[in-house]
Structure formats: C-alpha cells, structure tokens
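What follows is a set of notes on a single structure, which appears directly below.
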Protein chains: 2
Amino acid sequence: MTTTEAPPGAGTGAGPGAGAADPAELVLGALRRARVAARALAPATRATKDAALHAVADALVASAGRITAANATDLTRGRFVGLAEGLLDRLTLDEARLRSIADAVRAVAALPDPVGHVRRGSTLPNGLRLQQVQVPLGVVGIIYEARPNVTVDAAVLALKSGNAAVLRGGSAARETNTVLVEVIAEALEGAGLPRDAVQTVDAAGRDGVGALLTARGLVDLVIPRGGAGLIQRVVTEATVPTIETGVGNCHVYVDAAADLDEALAICLDAKVSRPSVCNAAETLLVHDAVADAFVPRLMTALAEAGVVVHGDLRTRSLTPPAAAGALAADATDLDWATEYHALEVAVGVVDSLDAALEHIRRFSSQHTEAVVTRDITVADAFVAGTDSAAVMVNASTRFTDGGEFGLGAEVGISTQKLHARGPMGLAELTTTRWVVHGAGHVRG
Amino acid sequence: MTTTEAPPGAGTGAGPGAGAADPAELVLGALRRARVAARALAPATRATKDAALHAVADALVASAGRITAANATDLTRGRFVGLAEGLLDRLTLDEARLRSIADAVRAVAALPDPVGHVRRGSTLPNGLRLQQVQVPLGVVGIIYEARPNVTVDAAVLALKSGNAAVLRGGSAARETNTVLVEVIAEALEGAGLPRDAVQTVDAAGRDGVGALLTARGLVDLVIPRGGAGLIQRVVTEATVPTIETGVGNCHVYVDAAADLDEALAICLDAKVSRPSVCNAAETLLVHDAVADAFVPRLMTALAEAGVVVHGDLRTRSLTPPAAAGALAADATDLDWATEYHALEVAVGVVDSLDAALEHIRRFSSQHTEAVVTRDITVADAFVAGTDSAAVMVNASTRFTDGGEFGLGAEVGISTQKLHARGPMGLAELTTTRWVVHGAGHVRG
C-alpha cells in the first residue's frame with residue numbers, strides 16, 4: 001500500500017493523458033478488439049452470459065484484496081490532489097461495497113435476456129415471414145465519472161445485452177478501474193467469453209475521449225454518464241451515435257386544485273429524499289390561488305429539512321419568520337435553470353397553469369415534471385403541455401428510475417428523444433434487425 | 001411560362017444560396033415558427049389530421065395549373081444548366097403525377113395514427129399506473145434531392161405523425177417546392193391546423209443546411225434522404241439528432257446448397273427490377289462449388305438484361321462468349337464498395353460461406369443482404385454472421401421496403417442502429433414518453 005507521501009500516479013495505470021502508446025491509437029486498438037469480441041458475444045446464449053455474470057460477481061468478492069489495494073492508491077492520490085469529501089466517498093470501495101456490487105451483478109443475471117426478443121412479426125400476404133428481432137448494438141462506449149461501481153454496472157449491463165463495453169471512467173479512479181476490468185475480463189475468459197468484451201481506455205486520458213467520440217464504424221453507441229459539461233462536449237465533438245443522459249432540471253407544479261397535504265409530501269420527497277440525483281426536483285411552482293395557504297407550510301418544511309430556498313418575491317413575502325433562515329438571495333433566471341444536486345431549490349408562485357407550463361418549457365431539461373392536482377382537466381393539460389421524458393400526476397419526480405419502473409437495472413436516464421427516452425434498461429442497449437424468410441420470393 | 005432564353009432563377013424563389021435574409025436566420029426563424037406549430041399539432045386528433053390530409057390531396061389536384069407552371073420554370077432552368085435527363089424526369093410534375101401524389105396522400109390518411117399508441121404499460125406494485133406513450137418528435141427537418149414528390153411525401157408523413165416539417169429540397173426544384181409548400185400550408189390552414197406546420201427553407205441555400213444541422217433545441221430530428229455525400233456531410237456537421245438513410249450496398253450470396261433456379265431469379269430481381277433504388281443488389285457472390293453450373297447462366301441472364309458486370313477472374317473465366325460483352329474491367333475493391341444505382345453489378349466467386357461473410361462485413365453498408373440456400377445451417381449462420389438492417393433468406397433484397405413490410409408509407413430506410421433500423425414508417429417519426437399516474441405517491 002502506498003503512503004500519503006507517494007507521488008500521484010504511481011501504480012499500474014498510465015500517467016494522466018499519456019500511456020505508452022498514442023492515446024488515439026490506444027482507443028482505436030481497444031475498439032477494434034472490442035468489435036471482434038462483440039462478434040463472439042452476440043450469439044452467446046442467456047445461459048452462457050448469466051454464468052459469466054455469476055463468475056464476475058464471485059471474482060469481485062474473491063479479489064476484494066487486490067481491488068481495495070488499487071482503490072487505496074486512488075484514494076491516496078485523491079487526497080493528495082485535494083478531492084472533495086463527497087467525491088472521495090463515491091470513489092471508495094471496501095469489502096461491504098464490493099459485496100453489494102456483486103449482488104447487483106447477480107441481479108442483472110436474473111433479468112430476462114433482451115437479445116432475440118421478437119418485437120413485431122407477421123406473415124405477409126405474399127407468404128414472406130417477417131420478424132423484427134432485438135440484437136446487440138455491438139460495441140458500446142461509456143464515459144463516466146470517478147465512480148468504480150459504475151465500471152462494474154456498465155460492464156455487466158453491456159454484457160447481458162450482448163455488447164462489448166469500452167469504458168472511460170474518471171481519472172481519479174484509474175487504478176481501481178484497471179483492476180476491476182482485469183478481474184472482470186479474467187472471469188469472462190474463465191466462463192468462455194472473450195476477455196476483450198470489457199476494456200478500459202482510462203490510460204488514454206482526455207485525448208482518448210475525443211478518439212472515442214469520432215471512431216465512426218468502430219463504436220455503435222457512446223453513452224456519457226455525467227454532468228452537463230461532459231454531455232455538452234460529447235454532443236459537440238461526437239460523430240458517432242450518442243445518447244444524452246442524466247441532466248435533470250425537474251419541476252413540481254402545485255395546482256390551485258391540489259390536495260395540499262399530498263403536495264407538501266410530494267414537494268419534500270422530490271427535493272429531499274435524495275437531492276444528488278437527476279430525478280430530484282430543482283424548482284417548485286405554486287399556483288397563486290393556494291400560495292397563501294401552501295407557501296408558508298412549504299417554507300417551514302423546507303427550512304426544517306435544511307433546504308436552501310431561492311424564492312421569488314411572492315414566496316419570500318409568504319415565508320414565516322421562523323423559516324426565513326432558509327431563504328437565499330432572490331431567485332434569478334440562473335436559479336430557475338440550475339440543477340442544484342443538493343439541498344437547495346428554487347420556489348416561485350405562478351398565476352396560472354399556462355404560466356407554469358411556460359416556465360417549464362423555458363427552463364426544463366426535459367427529464368421529469370410533476371403536477372399535483374385533483375382536477376382532471378388540469379392534469380391532462382399538464383401532461384399534454386409538457387414535453388419531458390416522464391410526467392407525473394400526483395406522484396414524486398423521484399419515481400423516474402429503471403428500477404421503480406420495473407425495467408430492472410438502468411444504464412442511465414435519456415433526456416433525448418431518439419432511440420430511448422427516460423430510464424434505459426437492457427432493451428435500450430439493443431437494436432433491431434429485420435429477418436425475412438422466403439421460398440425464392442422475387443418482387444418483379 | 002418562361003422560355004429557354006429566360007435567365008435561371010427567375011420566379012418566386014430566392015436566388016441560389018441567398019435569400020432576402022441571412023440564410024441562418026431564415027432557417028432559425030422557420031424552426032422557431034415550426035416549434036410553435038408543433039405544439040398546436042401534437043394534440044390534434046386523428047380525425048383532424050386526416051381531414052387536413054384529404055384537404056391537402058384535394059388542393060394538390062385543384063392547384064395543378066399553379067404547380068405545373070412553377071415546375072416548368074424549374075425544368076427550364078434545369079435544361080439551361082444542363083441537368084441530366086434522369087434528373088429532369090424526377091423533377092417533372094404533370095397532372096397525372098400530381099393525381100398519383102394526391103392518392104399517396106390519401107393513403108397516408110388511411111394509415112393508423114401512431115400518436116397515442118401505448119407501447120408498454122402496467123400498474124406497479126405500489127399502485128402507480130405507468131404508460132409508455134408514443135408522441136410526436138416535434139420538429140423534423142428533412143434534406144433531400146430535387147424530387148418534388150418527396151416534398152409532399154415527407155410533409156404528409158410528418159403531419160400524420162403530429163410533427164412540424166421543415167423541408168430542404170434540392171435547389172433544382174426550388175420553384176416547384178415553394179408552390180407545393182404554399183398549397184399544402186393553405187390547405188392545412190383551411191382545415192384548422194397551423195400553416196407553419198410545413199415550411200421550406202430552400203431559399204437559404206447551402207448555408208441553410210449547416211444552420212439546420214446545428215440548430216440544437218430547435219429541431220428534434222434531421223433526416224437526410226440522398227446520396228452518400230449528403231449523409232457524410234450531415235454526420236460530420238450535425239450536432240442535432242439525425243438518422244442516416246438510404247445507402248444500400250446490398251449483397252446476394254448464392255450458396256453451395258442453393259436451388260439455382262431460385263438463385264437466378266433472386267439475383268436478377270435484386271439487380272434488375274429497379275436498379276436505381278437503395279434495396280437493389282450491387283454485388284452477387286457465388287459459392288465455388290456451384291460456380292461452374294451457375295455463373296454461365298447468371299452471366300447470360302445479366303447480359304440479356306443489359307447489365308454491365310464487374311467480374312473477378314473466376315467469373316470472367318466462366319463467362320460464355322455470348323455474354324462476354326457484358327463484362328467491364330476486372331472487379332476492384334472500388335467496385336465491391338460501389339453502389340451503382342444502375343444496370344451495373346459486381347460478381348465474385350467465394351470459396352466458403354465464411355469468405356462471403358468476410359466480404360460482406362468489409363464492403364456492406366449494412367442495408368440488406370440475402371442468402372440463397374436450402375441448408376438451414378447455412379441460412380442461420382448467414383443471418384447471425386451479417387449485421388445489416390435486413391437479412392433475406394431465399395428472397396430478393398428488393399423486399400426491404402416499408403410498403404412491402406406492411407408498415408404503410410416509409411420516410412426512408414435507416415442504415416443506423418439507433419432509434420430506427422430498416423424501413424421507417426410513421427411510428428419511427430414518433431418518440432415515447434412515460435406518463436405516470438399516482439395518488440400522492442412519494443418514494444421516501
């Protein structure tokens with residue numbers, strides 16, 4: 001184990017931004033090997049894939065010593081460069097966390113195989129037999145932050161859906177990811193699957209990301225899992241197919257016809273139950289007709305929960321003195337546009353449903369919006385008037401989640417409209433193809 | 001009507017590459033109006049949309065004089081600048097063609113509405129009611145060649161699926177498209193739908209294409225319908241979601257276990273029945289074991305059909321003297337990679353199924369491949385070993401078509417893996433969203 005005096009970057013990984021090879025060549029080489037592996041993986045049966053996933057789970061537990069030693073190196077370097085406590089916590093792996101990650105791998109093994117599922121099929125009038133079959137995408141690249149659990153999670157979701165995974169994790173988790181991928185690859189090989197089905201390109205550094213995003217023909221999909229900055233870079237630079245995930249500026253609108261007890265519970269749940277995630281609410285909008293009755297209760301509850309509030313003038317004026325400590329500066333357009341990811345929220349009063357919809361259209365990231373109302377007309381108009389991946393009627397925004405929706409594990413939450421929208425499960429890691437059987441059919 | 005002496009560019013449209021306004025502003029303005037129109041269009045019922053489509057069909061026939069006059073201007077300019085006869089033919093509209101276009105519009109009206117279809121739904125264990133509902137994408141941009149029928153076709157498919165369409169047709173059809181879009185917009189308005197639901201941005205010229213491809217947040221999908229050059233430009237420049245369509249380097253593989261009569265019929269149909277389209281075959285591969293028996297018959301039939309053949313050495317040596325006139329120079333890698341779109345084909349002999357698959361993997365554009373065989377093992381291995389949008393067993397490549405597949409009209413054939421693969425019908429012009437109904441549900 002290294003000491004806190006050790007120079008950062010010691011260990012099995014390459015230095016930041018530079019491996020032995022050219023970063024682009026390193027990535028392209030990995031992608032080419034992944035393509036070959038994907039070809040071997042695509043026809044693998046569910047039984048083979050599940051056995052391999054169980055082998056991965058067992059290997060993660062059995063290799064706990066090796067993994068935590070690498071993790072200690074990352075943590076040492078992380079402290080050396082002054083990573084925030086929250087980031088260090090997300091970076092940390094211990095035996096208990098490894099066991100829980102292994103359990104998650106076994107849970108993925110228990111999910112149905114999306115490959116081979118026939119989405120549509122028919123016999124055409126001319127006798128041609130037509131099937132639209134789910135097949136793996138091929139090679140999937142995933143770019144994410146320094147969270148070693150995502151390394152395992154992304155790898156096994158790709159594997160279960162028959163894809164080869166090329167992973168680019170945050171550089172702060174480099175040593176850990178290197179060992180995790182080694183352990184996974186060894187387990188796959190032991191189970192008769194190609195070890196190149198899971199690879200990391202962390203050693204290629206930042207230049208490697210560019211290579212990954214422009215490797216047309218070598219990668220079938222790149223999924224960025226991270227903040228708005230990463231997603232913006234991906235969108236601008238990518239010439240390969242990508243899916244934008246996880247930017248969630250979610251709203252709760254408390255209507256004039258809301259049950260105010262329900263509204264209070266939903267607002268609190270949406271903000272407080274897990275503020276760091278993308279389905280947490282970032283703005284609460286209250287109809288003017290219930291503002292006098294509701295805002296004081298809301299502000300009191302938010303203050304008690306330790307939430308900092310960016311309120312508009314009306315909200316501030318309705319805040320009871322005991323809750324005034326929760327108030328930050330007046331809400332600005334920047335606040336309405338901000339994903340706080342923390343115990344912090346913007347609160348405003350609107351004078352109509354239309355005003356709420358207008359506000360949401362302007363500031364939403366099209367992840368999840370919620371309305372609280374007992375009025376069917378309002379509920380329907382809110383559903384029709386929003387254009388987000390998910391819309392909740394009398395339920396918390398926090399329900400937008402692959403697990404909650406019954407899709408099993410999720411690879412991310414798509415906020416784009418093509419291919420996948422909302423929680424992406426295993427089916428969203430597949431594509432389809434048309435398989436047509438004839439008996440010498442010609443069109444003539 | 002103008003004479004052949006008239007200067008090119010006369011008429012209602014703007015000059016090439018320059019309108020009254022800045023090209024980018026012209027496109028962005030159209031997209032902003034389209035966004036507003038899309039909002040009005042999304043909740044339109046099937047009855048409203050179908051009535052509007054019938055109004056469009058009627059208006060096209062009623063406005064035949066106005067449309068053919070504009071078309072004559074385009075044709076005059078086309079002849080003036082020396083457009084090829086084939087392009088002039090595709091550009092030409094007369095009353096008969098307009099009637100047939102109007103019939104196609106009525107056929108789209110008769111298709112089911114994809115909007116509102118519930119793809120998945122369930123009541124979750126906690127009582128939340130979950131629905132994944134098809135909804136319009138919003139604003140769809142379509143870039144295509146100088147084919148006025150595509151202007152109408154693309155507009156009505158977008159309308160039927162609840163989307164606003166922003167069209168960029170080939171500049172040679174500028175006058176015709178301007179009038180067609182005017183006629184459509186007037187009919188929509190008469191039927192109570194927003195006229196901005198269909199707009200053309202031809203006047204913005206080539207710079208307008210760039211503006212369309214980078215208008216993030218203003219356009220939900222851009223579909224290029226055209227040649228490989230256009231698609232390459234779109235992929236490289238676009239920062240908005242796009243779908244690649246229509247590049248078809250399709251193969252037919254005649255296996256050792258083929259019924260040779262079937263094989264001959266399929267090879268001929270795949271090449272000859274309509275050589276200009278993307279699902280026509282461009283390369284025929286013959287297993288060595290049947291080459292002696294099959295290649296002479298194939299070459300004779302191709303020669304009789306007037307097909308120019310780029311053959312490998314074995315094919316040339318097996319060509320009967322009577323068919324030798326069909327032979328062009330030896331097949332090169334360039335030939336294997338070429339989409340001829342004409343009565344021209346590459347023919348090669350391979351010594352195994354694996355060699356055929358290797359060839360296809362190297363040169364295919366992943367549109368459609370076909371195998372002719374009576375051997376189930378070979379058929380299954382061919383299906384598994386190819387990675388194209390469609391694969392045909394004992395049927396012609398020409399069947400990859402929205403109409404043939406029973407999807408109704410098609411907006412193009414996607415050769416990419418995300419969102420839509422193969423023929424894109426109305427459903428592929430929608431996205432989904434999750435609509436969740438609770439009774440005060442919180443996650444806690």
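A note on labels: chains of the structure tokens are A, B, ... as shown, every chain counts residues from 1, and ligands are counted from 1 in their shown order.
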
Filtered DSSP result for range 15-87 of chain B, state helix (DSSP H, G or I), as a VMD selection string
chain B and resid 23 to 41 46 to 62 64 to 80 85 to 87

Which residues of chain A come within 6 Å of chain B, and for each one, what is the closest pair of atoms and their distance in Å to one decimal, counting only C-alpha atoms, sorted by chain and residue number, as JSON lines?
```
{"residue": "A:Thr236", "atom": "CA", "partner": "B:Thr239", "partner_atom": "CA", "distance": 6.0}
{"residue": "A:Thr239", "atom": "CA", "partner": "B:Thr236", "partner_atom": "CA", "distance": 6.0}
{"residue": "A:Glu262", "atom": "CA", "partner": "B:Gly440", "partner_atom": "CA", "distance": 5.1}
{"residue": "A:Ile266", "atom": "CA", "partner": "B:Val442", "partner_atom": "CA", "distance": 5.8}
{"residue": "A:Asp269", "atom": "CA", "partner": "B:Val442", "partner_atom": "CA", "distance": 5.9}
{"residue": "A:Ser273", "atom": "CA", "partner": "B:Gly444", "partner_atom": "CA", "distance": 5.6}
{"residue": "A:Ala389", "atom": "CA", "partner": "B:Arg433", "partner_atom": "CA", "distance": 4.9}
{"residue": "A:Ala390", "atom": "CA", "partner": "B:Trp434", "partner_atom": "CA", "distance": 4.5}
{"residue": "A:Val391", "atom": "CA", "partner": "B:Val435", "partner_atom": "CA", "distance": 5.1}
{"residue": "A:Met392", "atom": "CA", "partner": "B:Val436", "partner_atom": "CA", "distance": 4.8}
{"residue": "A:Val393", "atom": "CA", "partner": "B:His437", "partner_atom": "CA", "distance": 4.8}
{"residue": "A:Asn394", "atom": "CA", "partner": "B:Gly440", "partner_atom": "CA", "distance": 4.8}
{"residue": "A:Ala395", "atom": "CA", "partner": "B:His441", "partner_atom": "CA", "distance": 4.5}
{"residue": "A:Ser396", "atom": "CA", "partner": "B:Val442", "partner_atom": "CA", "distance": 5.2}
{"residue": "A:Lys417", "atom": "CA", "partner": "B:Thr431", "partner_atom": "CA", "distance": 5.7}
{"residue": "A:Leu418", "atom": "CA", "partner": "B:His419", "partner_atom": "CA", "distance": 5.4}
{"residue": "A:His419", "atom": "CA", "partner": "B:His419", "partner_atom": "CA", "distance": 3.5}
{"residue": "A:Thr431", "atom": "CA", "partner": "B:Lys417", "partner_atom": "CA", "distance": 5.7}
{"residue": "A:Arg433", "atom": "CA", "partner": "B:Ala389", "partner_atom": "CA", "distance": 4.9}
{"residue": "A:Trp434", "atom": "CA", "partner": "B:Ala390", "partner_atom": "CA", "distance": 4.5}
{"residue": "A:Val435", "atom": "CA", "partner": "B:Val391", "partner_atom": "CA", "distance": 5.2}
{"residue": "A:Val436", "atom": "CA", "partner": "B:Met392", "partner_atom": "CA", "distance": 4.9}
{"residue": "A:His437", "atom": "CA", "partner": "B:Val393", "partner_atom": "CA", "distance": 4.8}
{"residue": "A:Gly438", "atom": "CA", "partner": "B:Asn394", "partner_atom": "CA", "distance": 5.0}
{"residue": "A:Ala439", "atom": "CA", "partner": "B:Asn394", "partner_atom": "CA", "distance": 5.4}
{"residue": "A:Gly440", "atom": "CA", "partner": "B:Asn394", "partner_atom": "CA", "distance": 4.8}
{"residue": "A:His441", "atom": "CA", "partner": "B:Ala395", "partner_atom": "CA", "distance": 4.5}
{"residue": "A:Val442", "atom": "CA", "partner": "B:Ser396", "partner_atom": "CA", "distance": 5.3}
{"residue": "A:Gly444", "atom": "CA", "partner": "B:Ser273", "partner_atom": "CA", "distance": 5.7}
```

Output file for the selection above: N, CA and C atoms, as a compact mmCIF listing (two decimals), in the first residue's frame:
```txt
# COMPACT_ATOMS: atom_id res chain seq x y z
N THR A 236 -21.07 18.08 -28.95
CA THR A 236 -20.35 18.94 -29.90
C THR A 236 -19.32 18.15 -30.70
N THR A 239 -19.07 12.31 -33.57
CA THR A 239 -19.58 11.96 -34.89
C THR A 239 -20.13 10.53 -34.85
N GLU A 262 -50.92 16.24 0.14
CA GLU A 262 -50.20 15.49 -0.90
C GLU A 262 -49.10 16.35 -1.51
N ILE A 266 -45.18 15.49 -1.65
CA ILE A 266 -44.51 15.27 -2.95
C ILE A 266 -43.36 16.27 -3.14
N ASP A 269 -40.52 15.11 -0.85
CA ASP A 269 -39.91 13.88 -1.36
C ASP A 269 -39.06 14.17 -2.59
N SER A 273 -35.55 13.60 -0.64
CA SER A 273 -35.29 12.17 -0.41
C SER A 273 -33.92 11.75 -0.93
N ALA A 389 -39.26 13.56 -20.72
CA ALA A 389 -39.20 12.10 -20.81
C ALA A 389 -40.25 11.44 -19.93
N ALA A 390 -40.52 12.05 -18.77
CA ALA A 390 -41.54 11.49 -17.88
C ALA A 390 -42.38 12.62 -17.31
N VAL A 391 -43.66 12.33 -17.10
CA VAL A 391 -44.54 13.31 -16.45
C VAL A 391 -45.34 12.56 -15.40
N MET A 392 -45.37 13.14 -14.19
CA MET A 392 -46.02 12.51 -13.05
C MET A 392 -47.27 13.29 -12.68
N VAL A 393 -48.36 12.58 -12.50
CA VAL A 393 -49.58 13.19 -11.98
C VAL A 393 -49.74 12.71 -10.54
N ASN A 394 -49.66 13.61 -9.60
CA ASN A 394 -49.81 13.28 -8.18
C ASN A 394 -48.81 12.22 -7.72
N ALA A 395 -47.59 12.35 -8.16
CA ALA A 395 -46.51 11.48 -7.70
C ALA A 395 -45.20 12.24 -7.78
N SER A 396 -44.24 11.81 -7.00
CA SER A 396 -42.95 12.49 -6.92
C SER A 396 -42.12 12.28 -8.19
N LYS A 417 -34.77 12.41 -27.46
CA LYS A 417 -36.00 11.81 -27.99
C LYS A 417 -35.76 10.59 -28.86
N LEU A 418 -34.56 10.46 -29.41
CA LEU A 418 -34.31 9.32 -30.31
C LEU A 418 -33.89 8.09 -29.53
N HIS A 419 -34.33 6.94 -30.02
CA HIS A 419 -33.91 5.61 -29.55
C HIS A 419 -34.43 5.27 -28.16
N THR A 431 -30.42 -3.06 -30.58
CA THR A 431 -31.07 -2.51 -31.76
C THR A 431 -31.97 -3.63 -32.31
N ARG A 433 -33.17 -5.84 -35.99
CA ARG A 433 -32.99 -6.04 -37.43
C ARG A 433 -34.18 -6.84 -37.94
N TRP A 434 -34.39 -6.73 -39.23
CA TRP A 434 -35.48 -7.45 -39.85
C TRP A 434 -34.94 -8.74 -40.45
N VAL A 435 -35.50 -9.86 -40.04
CA VAL A 435 -35.11 -11.15 -40.59
C VAL A 435 -36.30 -11.67 -41.39
N VAL A 436 -36.05 -11.95 -42.66
CA VAL A 436 -37.15 -12.28 -43.57
C VAL A 436 -36.87 -13.65 -44.21
N HIS A 437 -37.82 -14.57 -44.10
CA HIS A 437 -37.67 -15.88 -44.72
C HIS A 437 -38.65 -16.03 -45.87
N GLY A 438 -38.11 -16.41 -47.02
CA GLY A 438 -38.95 -16.63 -48.19
C GLY A 438 -38.73 -18.01 -48.77
N ALA A 439 -39.29 -18.24 -49.93
CA ALA A 439 -39.11 -19.51 -50.63
C ALA A 439 -38.84 -19.18 -52.09
N GLY A 440 -37.81 -18.36 -52.28
CA GLY A 440 -37.48 -17.93 -53.64
C GLY A 440 -38.26 -16.71 -54.06
N HIS A 441 -38.73 -15.92 -53.11
CA HIS A 441 -39.56 -14.75 -53.43
C HIS A 441 -38.79 -13.69 -54.20
N VAL A 442 -39.43 -13.21 -55.28
CA VAL A 442 -38.91 -12.04 -56.00
C VAL A 442 -40.02 -11.00 -56.09
N GLY A 444 -40.23 -8.52 -58.62
CA GLY A 444 -40.64 -8.41 -60.02
C GLY A 444 -41.01 -7.01 -60.43
```

Shell around Ser63 in chain B at 10 Å using only C-alpha atoms, local window under 2 positions removed, as a list of chain:residue names:
B:Asp58, B:Ala59, B:Leu60, B:Val61, B:Gly65, B:Arg66, B:Ile67, B:Thr68, B:Glu95, B:Leu98, B:Val179, B:Leu180, B:Val183

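A straight line drawn from CA of Gly190 in chain B to CA of Arg32 in chain B is 21.8 Å long.
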
Extract, using only C-alpha atoms, all DNA, RNA and protein residues at most 6 Å from Ala37 in chain A, discarding same-chain residues fewer than 3 positions from it, and format them as a PDB file with C-alpha atoms, in the first residue's frame.
```pdb
ATOM      1  CA  ALA A  34     -13.980  -4.951 -28.893  1.00  0.00           C
ATOM      2  CA  ALA A  40     -18.287 -13.675 -30.429  1.00  0.00           C
ATOM      3  CA  PRO A 194     -13.821 -13.111 -24.892  1.00  0.00           C
ATOM      4  CA  ASP A 196     -11.847  -8.081 -24.721  1.00  0.00           C
ATOM      5  CA  ALA A 197     -15.613  -7.828 -24.212  1.00  0.00           C
TER       6      ALA A 197
END
```

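When CA of Phe294 in chain A is paired with CA of Gly127 in chain B, their separation reads 26.5 Å.
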
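The two atoms in question, CA of Ser365 in chain A and CA of Gly248 in chain A, are spaced 5.8 Å apart.
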
Please identify the strand (DSSP E) residues within range 151-194 of chain B (assignment by DSSP from backbone atoms) and present them as a VMD selection string.
chain B and resid 164 to 168
